[in-house]
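Colleague: Dropping the structure in here first, questions after.
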Amino acid sequence: MTREPAQQSSHPAIGPWLAPLLPQLIGFRRDVHANPELSFQEFRTTERITAALQAAGLEPQPLESTGLFVDIGDGDIRLGLRADIDALPILEETGLDYASTRNGVCHACGHDIHTTVMLGVALTLGRMHAAGELGGRIRIIFQPAEETMPGGALSVIEQGVLEGVPRILALHCEPRVDAGMIGTRIGAITSASDTIKIELTGRGGHTSRPHLTEDLVFALAEIAVNVPAVLNRRIDVRSAVSVVWGQIHAGSAPNAIPAAGYMAGTMRCLDGAAWESAGTLLDEVVRQVAVPYGVDVKLEHTRGVPPVVNAEAETDLIERAARAEIGSTSIVLTPQSMGGEDFAWMTHKIPGAMMRLGTRAPGGETYDLHRGDYIPDERAIETGVRVMAAAALRAIDGGQDA
């Protein structure tokens with residue numbers, strides 16, 4: 001694949017500073033990958049990050065349960081960088097020599113790559129600071145529990161870790177983009193995401209006499225079909241509200257109407273204001289749809305995360321850094337994702353942006369995230385470190401290139 005030469009810049013190139021660290025980073029990533037840990041259980045991962053930072057002469061600070069942050073440089077903080085460190089309750093099916101050693105847990109979302117990239121940024125900036133090449137302070141946050149709702153980012157914010165941080169960047173693996181490339185966009189890059197759980201109860205009975213029952217299965221079906229339809233007519237279609245059911249359970253015999261049933265799904269939305277109003281409306285619509293059938297409704301609506309909205313200035317910061325380090329042809333416009341991401345809580349507090357880090361081996365298989373066979377190309381680590389570290393240099397001096 002042809003790459004456009006990197007643009008000239010007044011800032012030092014990151015590649016030479018990073019090169020001696022790459023073998024260590026690959027080894028670190030494989031160790032973390034082999035030992036994944038679920039949300040708020042990332043004790044070993046936290047210890048491994050801490051040890052690597054301390055060995056480089058840096059002074060990491062622990063968070064309350066798991067996770068940590070570290071400052072590199074002196075003076076006021078000019079930029080925050082965030083990585084998420086937890087894994088998923090998914091069985092790994094990669095067959096790699098360094099596959100997960102923990103049954104039913106793996107890094108199927110690429111957080112091991114995220115963690116390694118930000119460790120690489122910390123170590124690279126640490127080397128530059130020791131050589132007098134870093135004229136400001138950068139804070140790097142290794143956040144626990146992104147895979148929970150409403151997310152470990154809230155805990156980080158509550159602990160005051162963003163105090164004094166004027167802007168923040170993050171990255172996320174993108175298996176549909178080749179390694180060596182990144183994706184960016186201004187505006188909503190991920191979706192708001194809520195969890196919906198509904199239990200219905202009523203009189204069961206024989207399917208030959210549904211009029212003597214509360215026909216609970218029919219009520220479940222009506223909710224499944226009509227709630228998304230009503231929301232799509234009550235909320236601006238441009239906000240892309242999407243309700244999708246992942247579970248419906250009821251009954252044990254074909255000729256018996258059950259007395260209880262359960263369904264669950266998610267509501268997603270690309271617009272923060274619409275997310276707020278749709279959340280209130282959803283509860284109302286569920287109950288209204290169920291009323292004609294006489295069933296009792298128990299609704300559990302868990303508000304998740306708002307959309308990640310990439311600010312224009314922070315997106316431009318990433319793109320300037322990428323053009324200088326890897327060339328402008330290595331930047332693509334990334335589509336909006338309907339997936340949720342708790343980095344949104346940080347970008348709602350301070351300006352920020354998330355970039356997509358290409359992890360597909362050029363010419364190789366296109367995976368999806370949250371699959372047990374997801375294999376990211378480790379060459380993405382170098383790209384991620386170079387772009388994020390270069391962005392940090394530009395944040396220190398106001399984002400200007402020569």
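In the structure tokens, chains take the letters A, B, ... in the order shown, each chain's residues start at 1, and ligands count up from 1 in the order shown.
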May I have the residues within 8 Å of region 133-143 of chain A as a PyMOL selection string, using only C-alpha atoms and disregarding those fewer than 4 positions away in the same chain?
Modeller: chain A and resi 66-85+115+118+122+125+128-129+152-153+156+165+392-393+396-397
Colleague: Tell me which protein, DNA and RNA residues are within 8 Å of Thr50 (chain A), counting only C-alpha atoms, leaving out same-chain ones fewer than 3 positions away, and put them as a VMD selection string.
Modeller: chain A and resid 46 to 47 53 to 54 60 68
Colleague: Determine which residues of region 303-334 of chain A DSSP labels as strand (DSSP E or B) from the backbone of this structure, then write them out as a PDB file with C-alpha atoms, in the first residue's frame.
Modeller:
ATOM      1  CA  ARG A 303     -29.525   4.983  31.107  1.00  0.00           C
ATOM      2  CA  GLY A 304     -26.158   4.171  29.610  1.00  0.00           C
ATOM      3  CA  VAL A 305     -23.854   6.629  27.909  1.00  0.00           C
ATOM      4  CA  VAL A 309     -19.173  14.048  20.051  1.00  0.00           C
ATOM      5  CA  ASN A 310     -15.836  14.915  18.475  1.00  0.00           C
ATOM      6  CA  ILE A 331      -6.550   9.471   7.161  1.00  0.00           C
ATOM      7  CA  VAL A 332     -10.053   8.349   6.195  1.00  0.00           C
ATOM      8  CA  LEU A 333     -13.513   9.603   7.149  1.00  0.00           C
TER       9      LEU A 333
END
Colleague: Using only C-alpha atoms for the distances, tell me which of A:Glu64, A:Asp342, A:Asp283, A:Asp296 is nearest to Glu147 (chain A).
Modeller: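 Checking each candidate against Glu147 (chain A), we get A:Asp342 as the closest.
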Colleague: Among the residues of region 153-292 of chain A, find those DSSP assigns to alpha helix (DSSP H) from the backbone and print them as number ranges by chain.
Modeller: A: 153-158, 216-234, 272-290
Colleague: Neighbouring residues of Glu37 (chain A) were defined as those with any atom within 10 Å, considering only C-alpha atoms; residues of the same chain fewer than 3 positions away were excluded. Please report them as a PyMOL selection string.
Modeller: chain A and resi 32-34+40-45+85-89+100+102+105-107+144-145
Colleague: Calculate how many Å separate CA of His370 (chain A) from CA of Ile90 (chain A), rounding to one decimal.
Modeller: 7.6 Å
Colleague: Just the number, please: distance in Å from CA of Ser10 (chain A) to CA of Ile381 (chain A), one decimal.
Modeller: 23.9 Å
Colleague: When you draw a straight line from CA of Gly340 (chain A) to CA of Asp194 (chain A), how long is it in Å?
Modeller: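 Distance reported for this atom pair: 8.7 Å.
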Colleague: Name the closest residue to Ala321 (chain A) among the candidates A:Gly246, A:Gly364, A:Gly384, A:Gly27; distances are taken between atoms, counting only C-alpha atoms.
Modeller: A:Gly384
Colleague: Have a look at A:Arg209, A:Thr116, A:Leu38, A:Ile168 and name the one nearest to His348 (chain A); count only C-alpha atoms.
Modeller: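 Using only C-alpha atoms, His348 (chain A) sits closest to A:Ile168.
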Colleague: Could you name the residues that touch Gly110 (chain A) at 8 Å or less, counting only C-alpha atoms, but leaving out those on the same chain fewer than 5 positions away, as a CSV table (one decimal) with N, CA and C atoms, in the first residue's frame?
Modeller:
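As a result, around04.csv now contains:
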chain,number,residue,atom,x,y,z
A,172,HIS,N,-9.9,4.2,19.3
A,172,HIS,CA,-10.6,2.9,19.4
A,172,HIS,C,-10.2,2.1,18.1
A,173,CYS,N,-10.0,0.8,18.3
A,173,CYS,CA,-9.7,-0.1,17.2
A,173,CYS,C,-10.8,-0.1,16.2
A,369,LEU,N,-15.8,-6.1,15.9
A,369,LEU,CA,-15.5,-6.1,17.3
A,369,LEU,C,-16.4,-7.0,18.1
A,376,PRO,N,-6.3,-8.3,15.8
A,376,PRO,CA,-5.8,-7.0,15.2
A,376,PRO,C,-4.4,-7.1,14.8
Colleague: Quick one: everything within 10 Å of region 227-235 of chain A, counting only C-alpha atoms, minus sequence neighbours fewer than 3 positions away in the same chain. Send it as an MDAnalysis selection string.
Modeller: chainID A and resid 222:224 238:245 267 274:275 277:278 281:290
Colleague: Could you write out that same residue set with C-alpha atoms as a PDB file, in the first residue's frame?
Modeller:
ATOM      1  CA  GLU A 222     -46.835  -5.833  20.198  1.00  0.00           C
ATOM      2  CA  ILE A 223     -44.204  -4.143  22.371  1.00  0.00           C
ATOM      3  CA  ALA A 224     -41.393  -5.570  20.250  1.00  0.00           C
ATOM      4  CA  ARG A 238     -32.213  12.610  11.918  1.00  0.00           C
ATOM      5  CA  SER A 239     -31.268  11.673  15.484  1.00  0.00           C
ATOM      6  CA  ALA A 240     -31.235   7.987  14.438  1.00  0.00           C
ATOM      7  CA  VAL A 241     -33.062   6.543  17.454  1.00  0.00           C
ATOM      8  CA  SER A 242     -32.858   2.762  17.237  1.00  0.00           C
ATOM      9  CA  VAL A 243     -34.544   0.235  19.555  1.00  0.00           C
ATOM     10  CA  VAL A 244     -33.489  -3.359  18.914  1.00  0.00           C
ATOM     11  CA  TRP A 245     -34.482  -6.371  21.006  1.00  0.00           C
ATOM     12  CA  MET A 267     -31.970   1.950  22.648  1.00  0.00           C
ATOM     13  CA  ALA A 274     -32.842  13.414  21.438  1.00  0.00           C
ATOM     14  CA  TRP A 275     -31.386  10.745  23.725  1.00  0.00           C
ATOM     15  CA  SER A 277     -36.188  13.055  25.387  1.00  0.00           C
ATOM     16  CA  ALA A 278     -36.367   9.558  23.885  1.00  0.00           C
ATOM     17  CA  LEU A 281     -40.764   8.840  25.924  1.00  0.00           C
ATOM     18  CA  LEU A 282     -39.664   5.202  25.770  1.00  0.00           C
ATOM     19  CA  ASP A 283     -41.033   4.416  29.226  1.00  0.00           C
ATOM     20  CA  GLU A 284     -44.329   6.087  28.376  1.00  0.00           C
ATOM     21  CA  VAL A 285     -44.708   4.253  25.068  1.00  0.00           C
ATOM     22  CA  VAL A 286     -43.949   0.818  26.513  1.00  0.00           C
ATOM     23  CA  ARG A 287     -46.726   1.170  29.077  1.00  0.00           C
ATOM     24  CA  GLN A 288     -49.198   2.601  26.562  1.00  0.00           C
ATOM     25  CA  VAL A 289     -48.647  -0.279  24.134  1.00  0.00           C
ATOM     26  CA  ALA A 290     -49.161  -2.827  26.918  1.00  0.00           C
TER      27      ALA A 290
END
Colleague: Just the residues within 9 Å of Leu123 (chain A), please, counting only C-alpha atoms, with nothing from its chain fewer than 6 positions along; format it as a PyMOL selection string.
Modeller: chain A and resi 18+21+52-53+56+58
Colleague: Next, dump the selected residues to file, keeping only all heavy atoms, as a tab-separated table (two decimals), in the first residue's frame.
Modeller:
chain	number	residue	atom	x	y	z
A	18	LEU	N	10.33	6.38	19.30
A	18	LEU	CA	9.52	5.20	19.60
A	18	LEU	C	10.22	3.90	19.25
A	18	LEU	O	10.02	2.88	19.93
A	18	LEU	CB	8.20	5.30	18.82
A	18	LEU	CG	7.30	4.07	18.78
A	18	LEU	CD1	6.83	3.68	20.18
A	18	LEU	CD2	6.11	4.32	17.87
A	21	LEU	N	11.40	1.21	21.61
A	21	LEU	CA	10.40	0.72	22.56
A	21	LEU	C	9.47	-0.34	21.96
A	21	LEU	O	8.75	-1.01	22.69
A	21	LEU	CB	9.54	1.90	23.05
A	21	LEU	CG	10.28	3.02	23.79
A	21	LEU	CD1	9.32	4.20	23.99
A	21	LEU	CD2	10.82	2.53	25.13
A	52	ALA	N	5.66	-0.92	34.31
A	52	ALA	CA	6.34	-0.43	33.11
A	52	ALA	C	6.63	1.07	33.20
A	52	ALA	O	7.70	1.54	32.79
A	52	ALA	CB	5.49	-0.74	31.88
A	53	LEU	N	5.68	1.82	33.75
A	53	LEU	CA	5.88	3.26	33.90
A	53	LEU	C	6.96	3.57	34.94
A	53	LEU	O	7.82	4.43	34.73
A	53	LEU	CB	4.56	3.92	34.28
A	53	LEU	CG	3.46	3.89	33.22
A	53	LEU	CD1	2.13	4.37	33.81
A	53	LEU	CD2	3.83	4.72	32.00
A	56	ALA	N	10.45	3.15	33.82
A	56	ALA	CA	10.91	4.23	32.95
A	56	ALA	C	11.13	5.54	33.72
A	56	ALA	O	11.38	6.59	33.11
A	56	ALA	CB	9.89	4.46	31.84
A	58	LEU	N	8.85	7.12	35.59
A	58	LEU	CA	7.64	7.91	35.72
A	58	LEU	C	6.93	7.59	37.03
A	58	LEU	O	7.26	6.60	37.70
A	58	LEU	CB	6.72	7.64	34.52
A	58	LEU	CG	7.33	7.99	33.16
A	58	LEU	CD1	6.42	7.55	32.02
A	58	LEU	CD2	7.63	9.48	33.06
Colleague: Check the smallest atom-to-atom distance from each of A:Gly205, A:Gly120, A:Met346, A:Ala361 to Tyr374 (chain A) using only C-alpha atoms, then report the winner.
Modeller: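 The shortest atom-to-atom distance to Tyr374 (chain A) comes from A:Ala361.
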